[in-house]
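*Asks:* Let me give you the structure first, and then I'll get to my questions.
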Amino acid sequence: MDRKYRVGIIGATGMVGQRFITLLHDHPWFEIAVLAASANSAGKTYEEAVSGRWVFPDPIPANVRSMQVRDAALIQPIAACRMCP
């Protein structure tokens, strides 16, 4: 595959969201483009948002560690933007 699909993970700070990140962070077909969670986590880096709550033995993947978490309640504008980081 020449091109990766850009994906967003809603609920990224919860256990299921964390699992999606572990599965997709190095996937050959997908690129994690957006992480979204509750307003409590919005605006923080992913590493800050899951500090003390990361449930997996492997460390937080480097490619998402510094990504800014978006507010999941405002997902419509994010979904509409094809070029958003």
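Each chain in the structure tokens gets a letter, A, B, ..., in the order shown, and its residues are numbered from 1; ligands are numbered from 1 in order too.
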May I have the residues within 9 Å of range 40-42 of chain A as a compact mmCIF listing (two decimals) with C-alpha atoms, in the first residue's frame, using only C-alpha atoms and disregarding those fewer than 3 positions away in the same chain?

*Replies:*
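Contents of selection-v1.txt, freshly written:
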# COMPACT_ATOMS: atom_id res chain seq x y z
CA THR A 13 -7.10 7.97 27.09
CA ALA A 36 -9.69 12.79 21.24
CA ALA A 37 -10.96 12.30 24.78
CA THR A 45 -0.24 16.08 25.38
CA TYR A 46 -1.20 12.42 25.23
CA GLU A 48 0.24 14.16 30.19
CA ALA A 49 -3.33 12.95 29.70
CA VAL A 50 -2.54 9.30 30.51
CA GLN A 68 -2.27 17.14 21.64
CA VAL A 69 -5.51 15.52 22.79
CA ARG A 70 -8.65 17.10 21.33
CA ASP A 71 -12.05 17.42 22.99
CA ALA A 72 -14.21 14.50 21.82

*Asks:* Could you pull out the helix (DSSP H, G or I) residues of chain A from DSSP and send them as a ChimeraX atom specification?

*Replies:* /A:15-24,46-49,62-65,72-80

*Asks:* Using C-alpha atoms, can you write the selected residues to a file as an mmCIF file, in the first residue's frame?

*Replies:*
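Saved result, part_6.cif, follows:
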data_model
loop_
_atom_site.group_PDB
_atom_site.id
_atom_site.type_symbol
_atom_site.label_atom_id
_atom_site.label_comp_id
_atom_site.auth_asym_id
_atom_site.auth_seq_id
_atom_site.Cartn_x
_atom_site.Cartn_y
_atom_site.Cartn_z
ATOM 1 C CA MET A 15 -8.264 1.425 28.206
ATOM 2 C CA VAL A 16 -9.848 0.662 24.812
ATOM 3 C CA GLY A 17 -8.364 3.808 23.285
ATOM 4 C CA GLN A 18 -4.952 2.878 24.653
ATOM 5 C CA ARG A 19 -5.313 -0.565 23.100
ATOM 6 C CA PHE A 20 -6.162 0.956 19.713
ATOM 7 C CA ILE A 21 -3.011 3.060 19.992
ATOM 8 C CA THR A 22 -0.854 0.008 20.723
ATOM 9 C CA LEU A 23 -2.360 -1.778 17.720
ATOM 10 C CA LEU A 24 -2.182 1.106 15.251
ATOM 11 C CA TYR A 46 -1.198 12.421 25.233
ATOM 12 C CA GLU A 47 1.577 11.590 27.685
ATOM 13 C CA GLU A 48 0.237 14.160 30.190
ATOM 14 C CA ALA A 49 -3.333 12.948 29.703
ATOM 15 C CA ALA A 62 6.786 7.785 20.688
ATOM 16 C CA ASN A 63 4.658 8.906 17.729
ATOM 17 C CA VAL A 64 1.668 9.748 19.975
ATOM 18 C CA ARG A 65 3.430 10.840 23.158
ATOM 19 C CA ALA A 72 -14.206 14.502 21.819
ATOM 20 C CA ALA A 73 -17.321 16.659 22.174
ATOM 21 C CA LEU A 74 -15.972 18.809 19.333
ATOM 22 C CA ILE A 75 -15.232 15.932 16.978
ATOM 23 C CA GLN A 76 -17.360 17.195 14.061
ATOM 24 C CA PRO A 77 -14.935 20.018 13.120
ATOM 25 C CA ILE A 78 -12.006 17.608 13.427
ATOM 26 C CA ALA A 79 -13.709 15.001 11.220
ATOM 27 C CA ALA A 80 -14.490 17.660 8.606
#

*Asks:* Which is closest to Phe30 in chain A among A:Ala12, A:Gly43, A:Arg3, A:Trp54, if we use only C-alpha atoms?

*Replies:*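 Among A:Ala12, A:Gly43, A:Arg3, A:Trp54, it is A:Arg3 that comes nearest to Phe30 in chain A.
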
*Asks:* Calculate how many Å separate CA of Asp26 in chain A from CA of Ser38 in chain A, rounding to one decimal.

*Replies:*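 CA of Ser38 in chain A lies at a distance of 24.8 Å from CA of Asp26 in chain A.
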
*Asks:* Nearest to His27 in chain A: which of A:Pro57, A:Ala39, A:Arg6, A:Ser51 is it, counting only C-alpha atoms?

*Replies:*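 The closest residue to His27 in chain A is A:Arg6.
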
*Asks:* Could you tell me how far CA of Gly11 in chain A sits from CA of Arg53 in chain A, in Å to one decimal place?

*Replies:* 13.4 Å

*Asks:* Quick one: distance from CA of Ala33 in chain A to CA of Ile60 in chain A in Å, one decimal?

*Replies:* 15.7 Å

*Asks:* Residues within 7 Å of Ile32 in chain A, please, as an MDAnalysis selection string. Count only C-alpha atoms; anything in the same chain fewer than 3 positions from it doesn't count.

*Replies:* chainID A and resid 6:8 25

*Asks:* Write out the residues from the selection above, keeping C-alpha atoms, as a JSON list (two decimals), in the first residue's frame.

*Replies:*
[["chain", "number", "residue", "atom", "x", "y", "z"],
["A", 6, "ARG", "CA", -5.26, 8.73, 8.57],
["A", 7, "VAL", "CA", -7.33, 7.73, 11.60],
["A", 8, "GLY", "CA", -8.59, 9.38, 14.75],
["A", 25, "HIS", "CA", 0.95, 3.08, 16.18]]

*Asks:* Might you pull out every residue within 9 Å of Lys4 in chain A, with only C-alpha atoms counted and same-chain residues fewer than 4 positions away left off, and present them as number ranges by chain?

*Replies:* A: 28-31
